[in-house]
file target.txt (compact mmCIF, C-alpha atoms)
# COMPACT_ATOMS: atom_id res chain seq x y z
CA MET C 10 81.36 95.56 97.27
CA ALA C 11 79.44 92.45 98.10
CA ASN C 12 75.79 92.89 98.85
CA LEU C 13 75.13 93.12 102.57
CA ASP C 14 71.40 92.51 102.31
CA GLY C 15 70.36 89.84 104.74
CA ILE C 16 73.83 89.41 106.23
CA ASP C 17 73.93 89.79 109.96
CA TYR C 18 76.99 90.61 112.06
CA LYS C 19 75.95 87.92 114.52
CA ASN C 20 76.31 85.33 111.77
CA LEU C 21 80.03 85.99 111.31
CA VAL C 22 81.78 82.92 112.73
CA VAL C 23 85.11 83.60 114.41
CA GLY C 24 87.74 81.13 113.23
CA LYS C 25 85.93 80.34 110.02
CA ASN C 26 88.19 79.96 106.99
CA MET C 27 86.55 81.97 104.24
CA GLY C 28 88.48 80.29 101.46
CA THR C 29 91.63 80.59 99.41
CA TYR C 30 92.17 83.01 96.57
CA GLN C 31 94.80 82.34 93.93
CA CYS C 32 96.38 84.96 91.72
CA ASN C 33 99.18 84.98 89.21
CA VAL C 34 101.46 87.91 89.89
CA SER C 35 102.36 88.82 86.35
CA ARG C 36 104.83 91.52 85.46
CA GLU C 37 101.94 93.42 83.92
CA LEU C 38 99.98 93.29 87.18
CA ILE C 39 102.92 94.64 89.18
CA LEU C 40 103.47 97.38 86.61
CA ASN C 41 99.79 98.31 86.76
CA TYR C 42 100.11 98.74 90.51
CA ILE C 43 103.34 100.73 90.20
CA ASN C 44 101.74 102.98 87.58
CA ASN C 45 98.66 103.43 89.76
CA THR C 46 100.63 104.49 92.80
CA GLY C 47 103.30 106.43 90.93
CA LEU C 48 106.10 104.53 92.64
CA ASP C 49 109.47 104.32 90.95
CA TYR C 50 109.57 101.13 88.88
CA GLU C 51 113.36 100.83 89.00
CA LYS C 52 113.38 100.54 92.78
CA PHE C 53 111.57 97.22 92.60
CA ILE C 54 113.93 95.47 90.21
CA LEU C 55 116.04 93.01 92.18
CA GLU C 56 118.60 90.50 90.94
CA ASN C 57 115.90 87.96 90.05
CA GLY C 58 113.47 90.37 88.44
CA LEU C 59 110.65 92.59 89.55
CA ILE C 60 109.08 92.29 93.00
CA ALA C 61 105.67 93.52 94.09
CA PRO C 62 105.93 96.59 96.34
CA ALA C 63 104.95 95.63 99.89
CA ALA C 64 101.71 97.61 99.86
CA MET C 65 100.59 95.74 96.75
CA VAL C 66 99.64 92.91 99.08
CA PHE C 67 96.49 94.90 99.86
CA VAL C 68 95.44 94.52 96.23
CA PHE C 69 95.65 90.75 96.69
CA THR C 70 93.83 90.76 100.01
CA LEU C 71 91.04 92.95 98.63
CA ARG C 72 90.75 90.59 95.69
CA ALA C 73 90.58 87.67 98.12
CA ILE C 74 87.72 89.36 99.98
CA PHE C 75 85.62 89.88 96.89
CA ALA C 76 86.51 86.60 95.19
CA ASN C 77 85.38 84.73 98.31
CA ASN C 78 82.23 86.84 98.71
CA ILE C 79 83.22 87.84 102.21
CA PRO C 80 80.38 90.00 103.42
CA ILE C 81 82.15 93.17 104.48
CA GLY C 82 80.57 95.38 101.86
CA GLY C 83 80.16 98.92 103.16
CA ALA C 84 82.59 98.32 106.02
CA VAL C 85 85.01 101.11 106.88
CA LEU C 86 88.68 100.30 107.18
CA ALA C 87 90.01 100.94 110.69
CA GLY C 88 93.48 99.43 110.67
CA HIS C 89 95.99 97.05 109.16
CA TYR C 90 98.80 94.96 110.54
CA LEU C 91 101.30 93.51 108.12
CA GLU C 92 104.37 91.36 108.50
CA CYS C 93 106.59 91.13 105.46
CA ILE C 94 108.53 87.89 105.13
CA GLU C 95 109.53 87.14 101.56
CA PRO C 96 108.94 89.41 98.58
CA ILE C 97 106.37 88.42 95.99
CA ARG C 98 108.18 88.03 92.68
CA GLU C 99 106.88 88.51 89.18
CA GLY C 100 105.54 85.43 87.45
CA ARG C 101 104.76 83.56 90.66
CA ASN C 102 101.37 82.59 92.02
CA VAL C 103 100.10 83.68 95.39
CA TYR C 104 97.52 81.84 97.47
CA ILE C 105 95.68 83.87 100.07
CA ASP C 106 93.82 82.22 102.93
CA VAL C 107 91.25 84.37 104.69
CA VAL C 108 90.05 83.65 108.22
CA ILE C 109 87.68 85.62 110.45
CA LYS C 110 90.04 86.25 113.34
CA ASP C 111 87.73 88.08 115.72
CA LYS C 112 84.73 90.31 116.11
CA TYR C 113 83.93 92.65 118.97
CA ILE C 114 81.94 95.72 119.87
CA LYS C 115 83.68 98.80 121.22
CA LYS C 116 82.03 102.15 121.88
CA GLU C 117 78.89 100.83 120.18
CA ARG C 118 80.82 100.11 117.00
CA LYS C 119 80.99 96.61 115.59
CA TYR C 120 84.43 95.50 114.47
CA VAL C 121 85.60 92.53 112.48
CA LEU C 122 89.18 91.31 112.13
CA LEU C 123 90.22 89.31 109.09
CA ASP C 124 93.50 87.41 108.87
CA PHE C 125 95.17 86.90 105.52
CA VAL C 126 98.09 84.58 104.93
CA VAL C 127 99.78 85.02 101.57
CA ARG C 128 101.84 82.06 100.36
CA GLY C 129 103.77 81.34 97.21
CA ASP C 130 103.90 78.26 94.97
CA ASP C 131 106.39 76.65 97.36
CA GLY C 132 104.01 76.99 100.31
CA ASN C 133 106.26 79.48 102.08
CA ILE C 134 104.65 82.55 103.59
CA ASN C 135 105.29 85.87 101.86
CA VAL C 136 103.18 88.14 104.01
CA VAL C 137 100.68 87.96 106.84
CA ASN C 138 98.09 90.67 107.17
CA THR C 139 95.31 91.44 109.63
CA MET C 140 92.62 93.89 108.61
CA ARG C 141 90.37 95.63 111.14
CA ALA C 142 87.13 97.03 109.78
CA ILE C 143 84.10 98.74 111.25
CA TRP C 144 80.96 96.88 110.32
CA PRO C 145 78.30 99.02 108.63
CA GLN C 146 75.99 100.52 111.25
CA MET A 19 116.17 86.27 100.69
CA SER A 20 118.40 86.47 103.77
CA GLY A 21 118.26 88.98 106.63
CA ASN A 22 118.31 92.73 106.29
CA ILE A 23 121.59 94.49 105.75
CA ILE A 24 121.14 97.61 107.83
CA ASP A 25 123.91 99.94 108.87
CA VAL A 26 122.67 100.61 112.39
CA SER A 27 125.47 103.09 113.01
CA ARG A 28 123.79 105.60 110.73
CA VAL A 29 120.36 105.28 112.37
CA ARG A 30 119.67 107.86 115.06
CA ILE A 31 116.68 108.29 117.34
CA GLY A 32 114.74 111.25 115.98
CA ASP A 33 115.81 110.71 112.37
CA VAL A 34 113.00 111.54 109.99
CA THR A 35 112.44 109.24 107.02
CA PRO A 36 112.14 110.89 103.60
CA ASP A 37 108.88 112.60 102.67
CA VAL A 38 106.97 110.67 100.05
CA LYS A 39 104.37 112.98 98.58
CA TYR A 40 101.57 112.14 96.17
CA ALA A 41 98.49 113.87 94.79
CA ILE A 42 95.54 111.49 94.91
CA THR A 43 93.21 111.69 91.92
CA LYS A 44 89.79 110.37 90.99
CA ASP A 45 91.34 108.44 88.11
CA GLN A 46 93.80 106.80 90.45
CA ILE A 47 90.98 105.73 92.78
CA LYS A 48 88.95 104.44 89.84
CA ASP A 49 91.90 102.44 88.50
CA TYR A 50 92.70 101.10 91.96
CA ALA A 51 89.10 99.90 92.23
CA VAL A 52 89.58 97.92 89.02
CA LEU A 53 92.98 96.58 90.12
CA SER A 54 91.77 95.49 93.56
CA THR A 55 88.19 94.62 92.48
CA ASP A 56 87.00 96.83 95.37
CA ASN A 57 84.23 98.75 93.67
CA ASN A 58 82.63 99.99 96.85
CA PRO A 59 80.45 102.90 95.70
CA LEU A 60 82.12 105.05 98.36
CA HIS A 61 85.14 105.01 96.05
CA VAL A 62 83.57 105.14 92.63
CA ASP A 63 80.02 106.49 92.74
CA GLU A 64 79.81 110.23 93.42
CA GLU A 65 76.02 110.27 93.71
CA PHE A 66 76.09 107.50 96.29
CA ALA A 67 79.08 108.87 98.19
CA LYS A 68 77.69 112.37 98.62
CA ASP A 69 74.80 111.00 100.71
CA THR A 70 77.08 109.13 103.10
CA MET A 71 78.86 110.34 106.24
CA PHE A 72 81.87 111.09 104.03
CA LYS A 73 79.92 113.54 101.84
CA GLY A 74 81.81 112.47 98.76
CA ILE A 75 84.15 109.96 97.22
CA ILE A 76 87.03 108.76 99.33
CA ALA A 77 90.17 106.88 98.33
CA HIS A 78 90.68 103.26 99.28
CA GLY A 79 92.48 103.38 102.62
CA THR A 80 95.18 101.11 101.30
CA ILE A 81 96.31 103.47 98.53
CA PRO A 82 98.38 105.83 100.74
CA LEU A 83 100.00 102.88 102.50
CA ALA A 84 102.23 102.55 99.44
CA TYR A 85 103.79 105.92 100.30
CA MET A 86 104.17 105.09 104.00
CA PHE A 87 106.07 101.93 103.12
CA GLN A 88 108.11 103.80 100.54
CA SER A 89 109.31 106.35 103.07
CA VAL A 90 110.67 103.55 105.26
CA TYR A 91 112.29 101.79 102.31
CA GLU A 92 113.91 104.98 101.09
CA TYR A 93 115.36 105.61 104.53
CA PHE A 94 116.96 102.15 104.50
CA LYS A 95 117.70 102.35 100.75
CA CYS A 96 116.08 99.06 99.87
CA ALA A 97 112.95 97.60 98.25
CA TRP A 98 112.09 95.00 100.87
CA LEU A 99 112.76 94.47 104.56
CA LYS A 100 112.46 90.88 105.72
CA GLY A 101 110.49 90.66 108.95
CA LEU A 102 109.23 94.25 108.78
CA LYS A 103 106.15 94.67 110.96
CA PHE A 104 103.88 97.48 109.93
CA GLU A 105 100.80 98.54 111.85
CA VAL A 106 98.54 101.45 110.96
CA LYS A 107 95.36 103.06 112.14
CA PHE A 108 93.09 105.01 109.82
CA ILE A 109 92.15 108.38 111.29
CA ALA A 110 90.45 110.25 108.48
CA PRO A 111 89.57 109.61 104.84
CA VAL A 112 91.75 110.62 101.93
CA ARG A 113 89.84 112.37 99.18
CA PRO A 114 90.47 113.03 95.51
CA SER A 115 92.76 116.08 95.15
CA ASP A 116 94.29 115.53 98.58
CA VAL A 117 98.06 115.64 98.53
CA VAL A 118 99.36 113.13 101.02
CA VAL A 119 102.80 113.39 102.61
CA CYS A 120 104.14 110.30 104.32
CA ASN A 121 107.16 109.98 106.55
CA GLY A 122 108.31 108.53 109.81
CA LYS A 123 110.43 109.27 112.83
CA VAL A 124 112.86 106.85 114.45
CA LYS A 125 111.52 106.23 117.94
CA SER A 126 114.02 103.68 119.21
CA VAL A 127 117.04 101.66 118.17
CA ASN A 128 117.11 98.45 120.18
CA ILE A 129 120.39 96.74 119.51
CA ASP A 130 119.72 94.07 122.15
CA GLY A 131 116.13 93.61 121.04
CA GLY A 132 117.30 93.51 117.43
CA ASN A 133 114.99 96.10 116.00
CA ILE A 134 114.38 99.72 115.07
CA VAL A 135 110.99 101.26 115.79
CA ILE A 136 109.69 104.04 113.54
CA GLU A 137 106.55 106.09 114.11
CA LEU A 138 104.68 106.55 110.84
CA TYR A 139 102.58 109.44 109.62
CA CYS A 140 100.50 110.11 106.57
CA LYS A 141 99.17 113.67 106.48
CA ASN A 142 96.97 115.43 104.00
CA HIS A 143 97.77 118.84 102.52
CA LYS A 144 96.10 120.48 105.53
CA SER A 145 98.73 118.77 107.72
CA GLU A 146 96.04 116.60 109.31
CA ASN A 147 97.01 113.06 110.20
CA VAL A 148 94.99 110.70 108.07
CA ILE A 149 96.88 107.50 108.89
CA VAL A 150 99.30 106.89 111.75
CA GLY A 151 101.22 103.82 112.74
CA GLU A 152 104.45 102.14 113.56
CA ALA A 153 107.04 100.09 111.71
CA ILE A 154 109.29 97.63 113.51
CA VAL A 155 112.36 96.84 111.44
CA PRO A 156 114.47 93.83 112.42
CA ILE A 157 118.16 94.65 112.41
CA GLN A 158 119.15 91.18 111.22
call {"tool": "encode", "arguments": {"input": "target.txt", "output": "structure tokens"}}
result
Amino acid sequence: MANLDGIDYKNLVVGKNMGTYQCNVSRELILNYINNTGLDYEKFILENGLIAPAAMVFVFTLRAIFANNIPIGGAVLAGHYLECIEPIREGRNVYIDVVIKDKYIKKERKYVLLDFVVRGDDGNINVVNTMRAIWPQ
Amino acid sequence: MSGNIIDVSRVRIGDVTPDVKYAITKDQIKDYAVLSTDNNPLHVDEEFAKDTMFKGIIAHGTIPLAYMFQSVYEYFKCAWLKGLKFEVKFIAPVRPSDVVVCNGKVKSVNIDGGNIVIELYCKNHKSENVIVGEAIVPIQ
């Protein structure tokens, strides 16, 4: 994960757009994910080809975090919210915008919420995702 | 892709979605780290991980979510549900050699509200909840 040295929780700016990550969703990439998770490949073949299983979106959002050097290295995952809109199809590109949605302290733990919006080449939203993580103590 | 074609007449409160079971391995975690670029040493460095609060390597929290989704999709016999809302809370880490079992239970069928609510569970082989959550499936 990204190096946390010198990064302070208080310097996280709520509302800040942390950048956009682009990724080509090749057939090979989807198959790598399906092989990794042991899901049944045939279940994800639709009339227009292969789609990325819904949970594969977390591969893209994790990539977006590290590609944009978002300083959550060492953070512990606390929760996820996901809304699935349109499937991500093989061969397409996805563009993931990352925004710091919120930060708060509860029971002496520091939390950060990151919003991810995953769009396709046509600009339409495929998935929205909010990740809640506990900041390293 | 248009709305979801769901036969609401076959959905009953209390229905349990199919078990999706998977044995998590170190190799899987290592490969997932490469795939996701999340090389947090908690996932890939045994020496580092043993000195943390987790006392050893843990899986990326997002790995078992594949099986939670799959249980819902198998119940509805589809690969995608447009408008599906999925919210989960991580309770405990999943470790290499854990066998996770994911399923859900239909909590409500709201014809007027246009959705089906399913409680979600991911348990380890000790029957401990490791991830819990809720899926809200739009009927149309």
call {"tool": "interface_residues", "arguments": {"input": "target.txt", "of": "chain A", "to": "chain C", "cutoff": "10 Å", "atoms": "all atoms listed in the file", "output": "NGL selection string"}}
result
:A and (19-21 or 38 or 40-42 or 45-60 or 78-88 or 91-92 or 95-111 or 149-154)
call {"tool": "residues_around", "arguments": {"input": "target.txt", "residues": "A:Ile157", "least_positions_apart": "6", "cutoff": "9 Å", "atoms": "all atoms listed in the file", "output": "PyMOL selection string"}}
result
chain A and resi 21-26+128-129+131-134
call {"tool": "atom_distance", "arguments": {"input": "target.txt", "atom1": "atom CA of A:Lys123", "atom2": "atom CA of A:Thr35"}}
result
6.1 Å
call {"tool": "axis_aligned_box", "arguments": {"input": "target.txt", "around": "stretch 68-83 of chain A", "padding_each_side": "8 Å", "output": "JSON"}}
result
{"center_x": 87.4, "center_y": 107.3, "center_z": 101.7, "size_x": 41.2, "size_y": 28.4, "size_z": 25.0}
call {"tool": "atom_distance", "arguments": {"input": "target.txt", "atom1": "atom CA of A:Ser126", "atom2": "atom CA of A:Gln158"}}
result
15.7 Å
call {"tool": "closest_residue", "arguments": {"input": "target.txt", "among": "A:Asp130, A:Pro156, A:Phe72, A:Asp116", "to": "A:Lys144", "atoms": "all atoms listed in the file"}}
result
A:Asp116
call {"tool": "residues_around", "arguments": {"input": "target.txt", "residues": "A:Val117", "least_positions_apart": "3", "cutoff": "10 Å", "atoms": "all atoms listed in the file", "output": "PDB file with C-alpha atoms, keeping the file's coordinate frame"}}
result
ATOM      1  CA  LYS A  39     104.370 112.980  98.580  1.00  0.00           C
ATOM      2  CA  TYR A  40     101.570 112.140  96.170  1.00  0.00           C
ATOM      3  CA  ALA A  41      98.490 113.870  94.790  1.00  0.00           C
ATOM      4  CA  ILE A  42      95.540 111.490  94.910  1.00  0.00           C
ATOM      5  CA  THR A  43      93.210 111.690  91.920  1.00  0.00           C
ATOM      6  CA  VAL A 112      91.750 110.620 101.930  1.00  0.00           C
ATOM      7  CA  ARG A 113      89.840 112.370  99.180  1.00  0.00           C
ATOM      8  CA  PRO A 114      90.470 113.030  95.510  1.00  0.00           C
ATOM      9  CA  CYS A 120     104.140 110.300 104.320  1.00  0.00           C
ATOM     10  CA  LYS A 141      99.170 113.670 106.480  1.00  0.00           C
ATOM     11  CA  ASN A 142      96.970 115.430 104.000  1.00  0.00           C
ATOM     12  CA  HIS A 143      97.770 118.840 102.520  1.00  0.00           C
ATOM     13  CA  LYS A 144      96.100 120.480 105.530  1.00  0.00           C
ATOM     14  CA  SER A 145      98.730 118.770 107.720  1.00  0.00           C
TER      15      SER A 145
END
call {"tool": "atom_distance", "arguments": {"input": "target.txt", "atom1": "atom CA of A:Asp33", "atom2": "atom CA of A:Tyr139"}}
result
13.6 Å
call {"tool": "closest_residue", "arguments": {"input": "target.txt", "among": "A:Ser89, A:Ser27, A:Asn121, A:Ser115", "to": "A:Ile75", "atoms": "only C-alpha atoms"}}
result
A:Ser115
call {"tool": "residues_around", "arguments": {"input": "target.txt", "residues": "C:Lys115", "least_positions_apart": "6", "cutoff": "12 Å", "atoms": "only C-alpha atoms", "output": "ChimeraX atom specification"}}
result
/C:121,143-144
call {"tool": "decode", "arguments": {"input": "target.txt", "residues": "stretch 74-103 of chain C", "atoms": "N, CA and C atoms", "output": "tab-separated table (two decimals), in the first residue's frame"}}
result
chain	number	residue	atom	x	y	z
C	74	ILE	N	-7.42	3.49	-6.14
C	74	ILE	CA	-6.79	4.00	-4.92
C	74	ILE	C	-5.28	4.07	-5.08
C	75	PHE	N	-4.71	2.99	-5.55
C	75	PHE	CA	-3.24	2.95	-5.61
C	75	PHE	C	-2.68	3.73	-6.80
C	76	ALA	N	-3.42	3.76	-7.90
C	76	ALA	CA	-2.96	4.54	-9.05
C	76	ALA	C	-2.96	6.03	-8.73
C	77	ASN	N	-3.88	6.45	-7.87
C	77	ASN	CA	-3.99	7.87	-7.53
C	77	ASN	C	-3.25	8.21	-6.24
C	78	ASN	N	-2.48	7.24	-5.74
C	78	ASN	CA	-1.69	7.46	-4.51
C	78	ASN	C	-2.55	7.99	-3.36
C	79	ILE	N	-3.72	7.43	-3.23
C	79	ILE	CA	-4.59	7.87	-2.13
C	79	ILE	C	-4.03	7.26	-0.84
C	80	PRO	N	-3.80	8.12	0.13
C	80	PRO	CA	-3.04	7.67	1.30
C	80	PRO	C	-3.85	6.88	2.32
C	81	ILE	N	-4.32	5.72	1.95
C	81	ILE	CA	-5.04	4.92	2.95
C	81	ILE	C	-4.26	3.64	3.28
C	82	GLY	N	-2.98	3.67	2.99
C	82	GLY	CA	-2.16	2.50	3.28
C	82	GLY	C	-2.26	2.10	4.75
C	83	GLY	N	-2.49	0.81	5.01
C	83	GLY	CA	-2.58	0.34	6.37
C	83	GLY	C	-3.97	0.47	6.97
C	84	ALA	N	-4.88	1.10	6.22
C	84	ALA	CA	-6.25	1.24	6.71
C	84	ALA	C	-6.93	-0.13	6.72
C	85	VAL	N	-7.92	-0.26	7.61
C	85	VAL	CA	-8.66	-1.52	7.70
C	85	VAL	C	-10.06	-1.29	7.16
C	86	LEU	N	-10.47	-2.18	6.26
C	86	LEU	CA	-11.77	-2.05	5.63
C	86	LEU	C	-12.88	-2.26	6.65
C	87	ALA	N	-13.84	-1.33	6.68
C	87	ALA	CA	-14.94	-1.46	7.64
C	87	ALA	C	-16.27	-1.75	6.95
C	88	GLY	N	-16.44	-1.24	5.74
C	88	GLY	CA	-17.71	-1.49	5.06
C	88	GLY	C	-17.67	-1.04	3.61
C	89	HIS	N	-18.67	-1.51	2.87
C	89	HIS	CA	-18.83	-1.12	1.47
C	89	HIS	C	-20.30	-0.94	1.17
C	90	TYR	N	-20.58	0.05	0.36
C	90	TYR	CA	-21.92	0.21	-0.21
C	90	TYR	C	-21.74	0.23	-1.71
C	91	LEU	N	-22.59	-0.51	-2.40
C	91	LEU	CA	-22.46	-0.60	-3.85
C	91	LEU	C	-23.83	-0.53	-4.49
C	92	GLU	N	-23.93	0.23	-5.56
C	92	GLU	CA	-25.16	0.22	-6.34
C	92	GLU	C	-24.80	-0.15	-7.77
C	93	CYS	N	-25.40	-1.23	-8.23
C	93	CYS	CA	-25.08	-1.75	-9.56
C	93	CYS	C	-26.07	-1.18	-10.57
C	94	ILE	N	-25.56	-0.56	-11.61
C	94	ILE	CA	-26.47	0.05	-12.58
C	94	ILE	C	-26.38	-0.69	-13.92
C	95	GLU	N	-25.27	-0.57	-14.58
C	95	GLU	CA	-25.11	-1.30	-15.85
C	95	GLU	C	-23.88	-2.19	-15.73
C	96	PRO	N	-23.96	-3.41	-16.29
C	96	PRO	CA	-22.79	-4.29	-16.20
C	96	PRO	C	-21.60	-3.74	-16.97
C	97	ILE	N	-20.43	-4.11	-16.52
C	97	ILE	CA	-19.19	-3.73	-17.21
C	97	ILE	C	-18.86	-4.86	-18.18
C	98	ARG	N	-18.80	-4.52	-19.45
C	98	ARG	CA	-18.63	-5.55	-20.48
C	98	ARG	C	-17.18	-5.65	-20.95
C	99	GLU	N	-16.83	-6.82	-21.39
C	99	GLU	CA	-15.46	-7.04	-21.86
C	99	GLU	C	-15.12	-6.09	-23.01
C	100	GLY	N	-13.88	-5.67	-23.02
C	100	GLY	CA	-13.39	-4.83	-24.11
C	100	GLY	C	-13.61	-3.34	-23.91
C	101	ARG	N	-14.45	-2.99	-22.93
C	101	ARG	CA	-14.74	-1.57	-22.70
C	101	ARG	C	-13.70	-0.97	-21.75
C	102	ASN	N	-13.71	0.35	-21.71
C	102	ASN	CA	-12.89	1.05	-20.72
C	102	ASN	C	-13.79	1.47	-19.56
C	103	VAL	N	-13.21	1.53	-18.38
C	103	VAL	CA	-13.92	2.13	-17.26
C	103	VAL	C	-13.08	3.30	-16.73
